[in-house]
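Shown here: query-v1.csv, CSV, C-alpha atoms and all ligand atoms.
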```
chain,number,residue,atom,x,y,z
I,325,MET,CA,16.6,-22.3,-17.1
I,326,ASP,CA,17.8,-21.3,-20.5
I,327,PHE,CA,16.6,-18.1,-22.2
I,328,THR,CA,15.2,-18.3,-25.6
I,329,GLU,CA,16.3,-15.8,-28.3
I,330,GLU,CA,13.1,-14.0,-27.9
I,331,GLN,CA,13.5,-13.7,-24.1
I,332,LEU,CA,17.0,-12.4,-24.4
I,333,GLU,CA,15.6,-9.7,-26.7
I,334,ARG,CA,12.5,-9.0,-24.6
I,335,TYR,CA,14.4,-8.6,-21.4
I,336,SER,CA,17.6,-7.1,-22.9
I,337,ARG,CA,17.2,-3.7,-21.2
I,338,HIS,CA,17.0,-5.6,-17.8
I,339,ILE,CA,19.8,-8.0,-18.6
I,340,ILE,CA,22.2,-5.2,-19.5
I,341,LEU,CA,21.7,-3.7,-16.0
I,342,GLN,CA,24.4,-4.9,-13.6
I,343,GLU,CA,21.9,-5.2,-10.8
I,344,VAL,CA,19.6,-7.4,-12.8
I,345,GLY,CA,21.6,-9.4,-15.4
I,346,VAL,CA,20.7,-12.9,-16.6
I,347,GLU,CA,20.5,-14.1,-13.1
I,348,GLY,CA,18.2,-11.4,-11.9
I,349,GLN,CA,15.9,-11.8,-14.9
I,350,GLN,CA,15.8,-15.5,-14.2
I,351,LYS,CA,14.9,-14.8,-10.5
I,352,LEU,CA,12.0,-12.6,-11.8
I,353,LEU,CA,10.8,-15.3,-14.1
I,354,GLU,CA,10.8,-17.8,-11.2
I,355,SER,CA,9.0,-15.3,-8.8
I,356,SER,CA,5.4,-14.8,-7.9
I,357,VAL,CA,3.5,-11.7,-6.8
I,358,LEU,CA,-0.1,-11.5,-5.6
I,359,ILE,CA,-2.0,-8.3,-6.4
I,360,ILE,CA,-5.0,-7.7,-4.2
I,361,GLY,CA,-7.4,-5.3,-6.0
I,362,ALA,CA,-7.2,-5.0,-9.8
I,363,GLY,CA,-8.0,-1.3,-9.8
I,364,GLY,CA,-6.3,2.0,-9.6
I,365,LEU,CA,-3.1,0.8,-7.9
I,366,GLY,CA,-3.3,-2.9,-8.9
I,367,THR,CA,-3.5,-2.4,-12.6
I,368,PRO,CA,-0.4,-0.3,-13.1
I,369,ALA,CA,1.5,-2.5,-10.8
I,370,ALA,CA,0.3,-5.6,-12.7
I,371,GLN,CA,1.3,-4.0,-16.0
I,372,PHE,CA,4.9,-3.3,-15.0
I,373,LEU,CA,5.3,-6.6,-13.2
I,374,ALA,CA,4.1,-8.5,-16.2
I,375,ALA,CA,6.3,-6.5,-18.6
I,376,ALA,CA,9.2,-7.2,-16.3
I,377,GLY,CA,8.6,-10.9,-16.6
I,378,VAL,CA,7.5,-11.8,-13.1
I,379,GLY,CA,6.7,-15.5,-13.8
I,380,LYS,CA,3.4,-15.7,-11.8
I,381,ILE,CA,1.0,-13.0,-11.0
I,382,GLY,CA,-2.1,-13.6,-8.9
I,383,LEU,CA,-5.0,-11.1,-9.2
I,384,VAL,CA,-7.7,-10.8,-6.6
I,385,ASP,CA,-10.8,-8.8,-7.3
I,386,ALA,CA,-14.5,-9.7,-7.2
I,387,ASP,CA,-15.7,-6.6,-9.1
I,388,GLN,CA,-16.6,-5.8,-12.7
I,389,VAL,CA,-15.1,-3.0,-14.7
I,390,GLU,CA,-17.2,0.2,-14.6
I,391,LEU,CA,-17.0,3.1,-17.0
I,392,SER,CA,-15.8,5.4,-14.1
I,393,ASN,CA,-12.8,3.1,-13.5
I,394,LEU,CA,-11.2,3.8,-16.9
I,395,GLN,CA,-9.9,7.2,-15.9
I,396,ARG,CA,-7.2,5.5,-13.9
I,397,GLN,CA,-7.4,1.7,-14.1
I,398,VAL,CA,-5.3,1.6,-17.2
I,399,LEU,CA,-5.4,-2.1,-17.9
I,400,HIS,CA,-9.1,-2.0,-18.5
I,401,HIS,CA,-10.4,-0.6,-21.8
I,402,THR,CA,-13.8,0.6,-22.9
I,403,PRO,CA,-15.0,-2.8,-24.3
I,404,ASP,CA,-14.2,-4.4,-20.9
I,405,VAL,CA,-17.0,-2.5,-19.1
I,406,GLY,CA,-19.1,-5.1,-17.4
I,407,ARG,CA,-16.4,-7.8,-17.5
I,408,LEU,CA,-14.7,-9.1,-14.4
I,409,LYS,CA,-11.7,-7.0,-13.6
I,410,VAL,CA,-9.5,-10.1,-13.1
I,411,GLU,CA,-10.5,-11.4,-16.5
I,412,SER,CA,-9.9,-8.1,-18.2
I,413,ALA,CA,-6.5,-7.7,-16.6
I,414,LYS,CA,-5.6,-11.3,-17.3
I,415,ASN,CA,-6.3,-10.9,-21.0
I,416,LYS,CA,-4.1,-7.8,-21.3
I,417,ILE,CA,-1.2,-9.5,-19.4
I,418,ASN,CA,-1.4,-12.6,-21.6
I,419,SER,CA,-1.2,-10.5,-24.7
I,420,MET,CA,1.6,-8.4,-23.3
I,421,ASN,CA,3.8,-11.2,-22.1
I,422,PRO,CA,3.2,-14.9,-22.6
I,423,ASP,CA,6.0,-15.7,-20.1
I,424,VAL,CA,3.6,-14.7,-17.3
I,425,GLU,CA,1.2,-17.2,-15.7
I,426,VAL,CA,-1.8,-15.3,-14.4
I,427,LYS,CA,-4.0,-16.8,-11.7
I,428,THR,CA,-7.2,-15.1,-11.0
I,429,TYR,CA,-9.3,-15.1,-7.8
I,430,ARG,CA,-12.8,-13.7,-8.2
I,431,ASP,CA,-13.4,-14.4,-4.5
I,432,TYR,CA,-13.8,-12.1,-1.5
I,433,LEU,CA,-10.8,-12.4,0.7
I,434,TYR,CA,-11.6,-12.7,4.4
I,435,SER,CA,-10.1,-14.1,7.5
I,436,GLY,CA,-11.0,-17.6,6.4
I,437,ASN,CA,-9.2,-17.7,3.1
I,438,ILE,CA,-6.5,-15.0,2.9
I,439,LYS,CA,-3.7,-16.9,4.5
I,440,GLU,CA,-4.1,-19.8,2.1
I,441,VAL,CA,-4.0,-17.5,-0.9
I,442,ILE,CA,-1.0,-15.4,0.1
I,443,ARG,CA,1.1,-18.4,1.1
I,444,GLU,CA,1.5,-19.2,-2.6
I,445,TYR,CA,3.3,-16.0,-3.4
I,446,ASP,CA,6.7,-14.4,-2.8
I,447,PHE,CA,5.4,-10.8,-2.4
I,448,ILE,CA,2.0,-9.2,-2.0
I,449,ILE,CA,0.8,-5.9,-3.3
I,450,ASP,CA,-2.1,-4.3,-1.4
I,451,GLY,CA,-4.1,-2.4,-4.0
I,452,THR,CA,-7.3,-2.2,-2.0
I,453,ASP,CA,-9.3,0.8,-1.2
I,454,ASN,CA,-10.7,0.1,2.2
I,455,PHE,CA,-9.4,-0.2,5.7
I,456,PRO,CA,-10.8,-3.6,6.7
I,457,ALA,CA,-8.9,-5.0,3.7
I,458,LYS,CA,-5.7,-3.2,4.5
I,459,PHE,CA,-5.7,-4.3,8.2
I,460,LEU,CA,-6.6,-7.9,7.1
I,461,ILE,CA,-3.8,-8.0,4.6
I,462,ASN,CA,-1.3,-6.6,7.1
I,463,ASP,CA,-2.2,-8.9,9.8
I,464,ALA,CA,-2.3,-12.0,7.6
I,465,ALA,CA,1.1,-11.0,6.0
I,466,VAL,CA,2.7,-10.5,9.5
I,467,MET,CA,1.3,-13.9,10.7
I,468,GLU,CA,2.5,-15.7,7.5
I,469,ASP,CA,5.8,-13.8,7.3
I,470,LYS,CA,5.0,-12.4,3.8
I,471,PRO,CA,6.5,-9.2,2.6
I,472,PHE,CA,4.0,-6.7,1.1
I,473,SER,CA,3.6,-3.2,-0.2
I,474,HIS,CA,0.9,-1.0,1.3
I,475,ALA,CA,-0.4,2.0,-0.6
I,476,GLY,CA,-3.2,4.5,-0.4
I,477,ILE,CA,-4.4,7.4,-2.6
I,478,ILE,CA,-6.8,10.2,-2.2
I,479,LYS,CA,-7.4,13.3,-4.2
I,480,PHE,CA,-3.8,14.5,-5.1
I,481,THR,CA,-1.8,12.6,-2.5
I,482,GLY,CA,-0.6,9.1,-2.1
I,483,GLN,CA,1.4,7.0,0.4
I,484,THR,CA,3.2,3.8,0.3
I,485,MET,CA,5.3,1.6,2.7
I,486,THR,CA,6.9,-1.8,2.4
I,487,VAL,CA,6.6,-4.3,5.2
I,488,VAL,CA,9.0,-7.3,5.5
I,489,PRO,CA,7.8,-9.3,8.6
I,490,SER,CA,10.8,-11.7,8.5
I,491,GLU,CA,13.1,-8.7,9.0
I,492,ASP,CA,10.9,-7.3,11.8
I,493,THR,CA,10.2,-4.0,10.0
I,494,PRO,CA,7.3,-1.8,11.2
I,495,CYS,CA,3.9,-3.0,9.9
I,496,TYR,CA,0.9,-1.0,8.8
I,497,ARG,CA,-0.8,-1.5,12.2
I,498,CYS,CA,2.4,-0.2,14.0
I,499,VAL,CA,1.6,3.2,12.3
I,500,PHE,CA,-2.2,3.2,12.0
I,501,ILE,CA,-3.2,1.0,15.0
I,502,ASP,CA,-6.8,0.3,14.2
I,503,PRO,CA,-9.2,1.1,11.3
I,504,PRO,CA,-10.8,4.5,11.5
I,505,PRO,CA,-14.4,4.6,12.7
I,506,PRO,CA,-16.6,3.8,9.7
I,507,GLY,CA,-18.6,7.0,10.0
I,508,ALA,CA,-15.4,9.1,9.7
I,509,VAL,CA,-14.3,7.6,6.3
I,510,PRO,CA,-15.3,10.0,3.6
I,511,SER,CA,-17.1,8.7,0.6
I,512,CYS,CA,-14.5,8.1,-2.1
I,513,LYS,CA,-16.8,9.2,-4.8
I,514,GLU,CA,-17.0,12.5,-3.1
I,515,ALA,CA,-13.3,12.7,-2.5
I,516,GLY,CA,-12.2,11.9,-6.0
I,517,VAL,CA,-8.7,11.0,-7.1
I,518,LEU,CA,-6.3,12.2,-9.9
I,519,GLY,CA,-6.1,9.2,-12.2
I,520,VAL,CA,-2.4,9.4,-12.8
I,521,LEU,CA,-1.7,9.5,-9.1
I,522,ALA,CA,-2.9,5.9,-9.0
I,523,GLY,CA,-0.4,5.0,-11.8
I,524,VAL,CA,2.5,6.7,-10.0
I,525,VAL,CA,1.9,5.0,-6.7
I,526,GLY,CA,1.0,1.6,-8.2
I,527,ALA,CA,4.3,1.8,-10.2
I,528,LEU,CA,6.2,2.5,-7.0
I,529,GLN,CA,4.6,-0.6,-5.5
I,530,ALA,CA,5.8,-2.6,-8.5
I,531,THR,CA,9.3,-1.1,-8.1
I,532,GLU,CA,9.4,-2.3,-4.5
I,533,ALA,CA,8.2,-5.8,-5.5
I,534,ILE,CA,11.0,-6.1,-8.1
I,535,LYS,CA,13.7,-4.8,-5.8
I,536,TYR,CA,12.6,-7.3,-3.2
I,537,LEU,CA,12.6,-10.2,-5.7
I,538,LEU,CA,16.0,-9.2,-7.0
I,539,ASP,CA,17.3,-8.5,-3.5
I,540,LYS,CA,18.7,-5.1,-4.6
I,541,GLY,CA,18.7,-1.6,-3.3
I,542,ASP,CA,16.9,-0.3,-0.2
I,543,LEU,CA,13.3,-1.1,0.4
I,544,LEU,CA,10.8,1.4,1.7
I,545,THR,CA,10.7,-0.4,5.1
I,546,GLY,CA,10.6,1.7,8.2
I,547,ASN,CA,9.5,4.7,6.1
I,548,LEU,CA,6.1,5.9,4.9
I,549,LEU,CA,6.6,7.7,1.6
I,550,ASN,CA,4.2,10.5,1.1
I,551,TYR,CA,3.7,11.9,-2.4
I,552,ASP,CA,1.9,15.1,-3.1
I,553,ALA,CA,1.2,15.5,-6.8
I,554,LEU,CA,0.2,19.2,-6.5
I,555,SER,CA,3.4,20.4,-4.9
I,556,MET,CA,5.4,17.5,-6.4
I,557,ASP,CA,6.9,16.7,-3.1
I,558,PHE,CA,8.1,13.2,-2.2
I,559,ARG,CA,8.7,12.9,1.5
I,560,LYS,CA,9.8,9.9,3.5
I,561,ILE,CA,8.6,9.8,7.1
I,562,GLU,CA,10.5,7.5,9.3
I,563,VAL,CA,8.3,5.1,11.3
I,564,LYS,CA,9.3,2.7,14.0
I,565,LYS,CA,8.1,-0.6,15.2
I,566,ASN,CA,5.4,0.1,17.7
I,567,PRO,CA,5.9,-2.0,20.9
I,568,ASP,CA,2.2,-1.8,21.5
I,569,CYS,CA,1.3,-3.0,18.0
I,570,GLY,CA,-1.6,-5.4,18.2
I,571,VAL,CA,-0.1,-7.8,15.7
I,572,CYS,CA,3.7,-7.5,15.7
I,573,GLY,CA,4.3,-5.7,19.1
I,574,GLU,CA,5.8,-7.1,22.3
I,575,ASP,CA,2.6,-8.7,23.5
I,576,PRO,CA,0.3,-8.9,20.5
I,577,GLU,CA,-3.4,-9.4,21.4
I,578,ILE,CA,-4.4,-10.2,17.8
I,579,THR,CA,-3.8,-13.9,17.2
I,580,GLU,CA,-6.7,-14.5,15.0
I,581,LEU,CA,-7.5,-12.5,11.9
I,582,ILE,CA,-10.3,-9.9,12.2
I,583,ASP,CA,-13.0,-9.2,9.6
I,584,TYR,CA,-13.8,-5.5,10.4
I,585,GLU,CA,-17.1,-4.2,9.3
I,586,GLN,CA,-17.0,-1.1,7.1
I,587,GLY,CA,-18.6,0.0,4.0
I,588,ALA,CA,-16.0,0.0,1.3
I,589,CYS,CA,-15.9,3.0,-1.0
I,590,GLU,CA,-15.5,2.6,-4.7
I,591,LEU,CA,-12.4,4.3,-6.1
P,1086,MET,CA,7.7,27.8,20.9
P,1087,LYS,CA,9.1,26.5,17.7
P,1088,ILE,CA,8.0,23.0,16.4
P,1089,GLN,CA,8.0,21.1,13.2
P,1090,VAL,CA,4.7,19.8,11.7
P,1091,ASN,CA,5.0,17.5,8.7
P,1092,GLY,CA,8.6,18.8,8.2
P,1093,LYS,CA,7.6,22.5,8.2
P,1094,LYS,CA,8.7,24.9,10.9
P,1095,VAL,CA,5.8,26.5,12.8
P,1096,GLU,CA,5.6,28.7,15.8
P,1097,TYR,CA,3.0,28.9,18.6
P,1098,GLU,CA,2.8,31.2,21.5
P,1099,ASN,CA,2.1,28.5,24.1
P,1100,GLU,CA,2.3,24.8,24.5
P,1101,LEU,CA,-0.8,23.0,23.3
P,1102,THR,CA,-2.3,19.6,23.2
P,1103,VAL,CA,-2.2,17.3,20.2
P,1104,LYS,CA,-5.9,17.8,19.8
P,1105,GLU,CA,-5.5,21.6,19.8
P,1106,LEU,CA,-2.7,21.3,17.3
P,1107,LEU,CA,-4.8,19.2,15.0
P,1108,LYS,CA,-7.4,22.0,15.1
P,1109,GLU,CA,-4.9,24.8,14.6
P,1110,GLU,CA,-3.4,23.0,11.6
P,1111,ASP,CA,-6.8,22.7,10.0
P,1112,VAL,CA,-7.1,18.9,10.1
P,1113,ASP,CA,-10.8,18.4,9.3
P,1114,MET,CA,-11.0,14.8,10.4
P,1115,PRO,CA,-8.7,13.9,13.3
P,1116,GLU,CA,-10.2,10.4,13.2
P,1117,MET,CA,-8.4,9.9,9.8
P,1118,VAL,CA,-5.0,10.8,11.2
P,1119,SER,CA,-2.3,8.9,13.1
P,1120,VAL,CA,0.0,11.2,15.0
P,1121,GLU,CA,3.8,10.6,15.3
P,1122,LEU,CA,5.4,12.7,18.0
P,1123,ASN,CA,9.3,12.7,17.9
P,1124,GLY,CA,9.3,9.4,16.0
P,1125,GLU,CA,6.8,7.5,18.2
P,1126,ILE,CA,3.2,6.8,17.2
P,1127,LEU,CA,0.9,8.3,19.8
P,1128,ALA,CA,-2.1,6.3,21.1
P,1129,LYS,CA,-5.3,8.0,20.1
P,1130,ASP,CA,-6.5,8.3,23.7
P,1131,LYS,CA,-3.6,10.6,24.4
P,1132,PHE,CA,-4.6,13.3,21.9
P,1133,ASP,CA,-6.5,15.2,24.6
P,1134,SER,CA,-3.7,15.2,27.2
P,1135,GLN,CA,-0.4,15.0,25.3
P,1136,LEU,CA,1.3,18.4,25.3
P,1137,ILE,CA,3.4,19.6,22.4
P,1138,LYS,CA,6.5,21.3,23.6
P,1139,ASP,CA,9.3,23.5,22.1
P,1140,GLY,CA,11.4,21.6,19.6
P,1141,ASP,CA,8.9,18.8,19.1
P,1142,GLN,CA,8.6,17.1,15.7
P,1143,VAL,CA,5.0,16.1,14.8
P,1144,GLU,CA,3.9,14.2,11.8
P,1145,PHE,CA,0.3,13.8,10.8
P,1146,LEU,CA,0.0,10.4,8.9
P,1147,TYR,CA,-3.3,10.2,7.0
P,1148,PHE,CA,-5.4,7.1,6.6
P,1149,MET,CA,-5.5,6.6,2.8
P,1150,GLY,CA,-7.6,4.0,1.0
P,1151,GLY,CA,-7.7,4.2,-2.7
P,1152,GLY,CA,-6.9,1.5,-5.1
P,1153,SER,CA,-9.7,-0.9,-5.8
P,1154,ASN,CA,-12.5,-2.4,-3.8
P,1155,ASP,CA,-11.6,-6.0,-4.1
P,1156,GLY,CA,-14.8,-6.9,-2.4
P,1157,LEU,CA,-13.7,-7.6,1.2
P,1158,HIS,CA,-16.7,-7.2,3.4
E,1,ZN,ZN,3.2,-3.8,13.8
```

Now that the file is in, can you turn its structure into C-alpha cells?
Amino acid sequence: MDFTEEQLERYSRHIILQEVGVEGQQKLLESSVLIIGAGGLGTPAAQFLAAAGVGKIGLVDADQVELSNLQRQVLHHTPDVGRLKVESAKNKINSMNPDVEVKTYRDYLYSGNIKEVIREYDFIIDGTDNFPAKFLINDAAVMEDKPFSHAGIIKFTGQTMTVVPSEDTPCYRCVFIDPPPPGAVPSCKEAGVLGVLAGVVGALQATEAIKYLLDKGDLLTGNLLNYDALSMDFRKIEVKKNPDCGVCGEDPEITELIDYEQGACEL
Amino acid sequence: MKIQVNGKKVEYENELTVKELLKEEDVDMPEMVSVELNGEILAKDKFDSQLIKDGDQVEFLYFMGGGSNDGLH
C-alpha cells in the first residue's frame, strides 16, 4: 500500500517514531479492533484508535446516548442524546479519520453470536460494565484465541489487564474465577465514577491494542494494573495462570459459553 | 507477625484467616474481591480456613465493572 501525501502528513508523528515508522503505520491501517461497549471506556479507546489510523473498528452497543453519559463518554455530544451510541460514535470517527472503516453492531452479544463477531478482528477491547459480559468476552476470546484488553472502573479506581490466549497468558477467569453473586454487585448509579478515570483507562486499553498490533513493547499480560486516581498510584500486580481456571486451566470444565444472569448496571 | 497487604506492610498480633483479614482491612464486600496469596489465587471456599502467616503477601483484587452496558443480558 502506498501512502498518500495526506496520510504521510496525518501520521507523520507516528512515522517518525522508530518503533512505528511507515511499516508500523501500514500495519495499523491494515488492522482491525473490536470495541465492545461504546461508553466510558470504549469511546476514548475508539477515539485514539481511530486517530491512530487503525483501519477497521467494530463497535458493539445496543444502547442509546443518555444525558448522564456525557460526563465521561467523550465521543457523544449533547445533540446525540437519544441516538444509538454506535451511530453517534461512528459519525465522529468518520469525521475524524476517513481512513477508518467503522462497522457497527447494535445487537446484544450472547453465547450464540459473540464468537462469530470477534473472529473478524485482530484485537478486542472489553469496555463493558457488567460481569456476565466480561466473563463471556473472556471465555469466547480464550476459545477463539483472540487477544483482548480487560478493564473496569469504579469511583476513583480502575484496573486493566491484557490477555493473549495464543501465548498462554493468564485470563480474566484465572484471576476472578466466577462472576460475583448478583446481589453483591453495587448499583453503579450509587457508586458513581470520576469521568476522566474512564478516559485514562480507556486510553490505556487503546495503548495495549496499538502495541499488540505493532508487536512492540511489553504488554500488560500476567499483570493486573491498578490505578488509583486519588492517590495517583499506578500499581502492577503480578498474576499467574490458574491451573484450576474453568476455561484455560489444566482440565477446563467450561467448553460451551455461558450466559450468566445478572442485572447490568448503567455506568 | 508482619505481612504485606496490597503492597503495604501491616502488622498483626496473631495469625488470622483470610476472612478475618478481609474484615480487619475494612473490605465491605468480600464477595467483590478475589484474593491472591503469595502469587496464587485463592479459591473462595478457602477464605474461612486459610491462615495468613508471617511474611505472607496478600493482594485484594476487586471486581470492577464500569465502561458501558452494551446490553448483554
Ligand atoms: Zn484462565

Please report as a compact mmCIF listing (two decimals) with C-alpha atoms, in the coordinates of the input which residues of chain P come no farther than 12 Å from chain I, using all atoms listed in the file.
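Final file, iface_21.txt:
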```txt
# COMPACT_ATOMS: atom_id res chain seq x y z
CA VAL P 1090 4.70 19.80 11.70
CA ASN P 1091 5.00 17.50 8.70
CA GLY P 1092 8.60 18.80 8.20
CA LYS P 1093 7.60 22.50 8.20
CA ASP P 1113 -10.80 18.40 9.30
CA MET P 1114 -11.00 14.80 10.40
CA PRO P 1115 -8.70 13.90 13.30
CA GLU P 1116 -10.20 10.40 13.20
CA MET P 1117 -8.40 9.90 9.80
CA VAL P 1118 -5.00 10.80 11.20
CA SER P 1119 -2.30 8.90 13.10
CA VAL P 1120 0.00 11.20 15.00
CA GLU P 1121 3.80 10.60 15.30
CA LEU P 1122 5.40 12.70 18.00
CA ASN P 1123 9.30 12.70 17.90
CA GLY P 1124 9.30 9.40 16.00
CA GLU P 1125 6.80 7.50 18.20
CA ILE P 1126 3.20 6.80 17.20
CA LEU P 1127 0.90 8.30 19.80
CA ALA P 1128 -2.10 6.30 21.10
CA LYS P 1129 -5.30 8.00 20.10
CA ASP P 1130 -6.50 8.30 23.70
CA GLN P 1142 8.60 17.10 15.70
CA VAL P 1143 5.00 16.10 14.80
CA GLU P 1144 3.90 14.20 11.80
CA PHE P 1145 0.30 13.80 10.80
CA LEU P 1146 0.00 10.40 8.90
CA TYR P 1147 -3.30 10.20 7.00
CA PHE P 1148 -5.40 7.10 6.60
CA MET P 1149 -5.50 6.60 2.80
CA GLY P 1150 -7.60 4.00 1.00
CA GLY P 1151 -7.70 4.20 -2.70
CA GLY P 1152 -6.90 1.50 -5.10
CA SER P 1153 -9.70 -0.90 -5.80
CA ASN P 1154 -12.50 -2.40 -3.80
CA ASP P 1155 -11.60 -6.00 -4.10
CA GLY P 1156 -14.80 -6.90 -2.40
CA LEU P 1157 -13.70 -7.60 1.20
CA HIS P 1158 -16.70 -7.20 3.40
```

Give me, as CSV, the closest atom pair and its distance (Å, one decimal) for every residue of chain I within a cut-off of 7 Å of ligand ZN 1 (chain E), counting all atoms listed in the file, rows sorted by chain and rising number.
```
residue,atom,partner,partner_atom,distance
I:Pro494,CA,E:ZN1,ZN,5.3
I:Cys495,CA,E:ZN1,ZN,4.0
I:Tyr496,CA,E:ZN1,ZN,6.2
I:Arg497,CA,E:ZN1,ZN,4.9
I:Cys498,CA,E:ZN1,ZN,3.7
I:Lys565,CA,E:ZN1,ZN,6.0
I:Asn566,CA,E:ZN1,ZN,5.9
I:Cys569,CA,E:ZN1,ZN,4.7
I:Gly570,CA,E:ZN1,ZN,6.7
I:Val571,CA,E:ZN1,ZN,5.5
I:Cys572,CA,E:ZN1,ZN,4.2
I:Gly573,CA,E:ZN1,ZN,5.7
```

Let's have the selection written as a CSV table (one decimal), in the frame of the given file, with C-alpha atoms.
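Produced file selection_20.csv, reproduced below:
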```
chain,number,residue,atom,x,y,z
I,494,PRO,CA,7.3,-1.8,11.2
I,495,CYS,CA,3.9,-3.0,9.9
I,496,TYR,CA,0.9,-1.0,8.8
I,497,ARG,CA,-0.8,-1.5,12.2
I,498,CYS,CA,2.4,-0.2,14.0
I,565,LYS,CA,8.1,-0.6,15.2
I,566,ASN,CA,5.4,0.1,17.7
I,569,CYS,CA,1.3,-3.0,18.0
I,570,GLY,CA,-1.6,-5.4,18.2
I,571,VAL,CA,-0.1,-7.8,15.7
I,572,CYS,CA,3.7,-7.5,15.7
I,573,GLY,CA,4.3,-5.7,19.1
```

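Between CA of Asp492 in chain I and CA of Met467 in chain I lies a distance of 11.7 Å.
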
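Of the listed residues (P:Lys1094, P:Glu1100, P:Met1086, P:Leu1107), P:Leu1107 comes nearest to Phe1132 in chain P; the distances count all atoms listed in the file.
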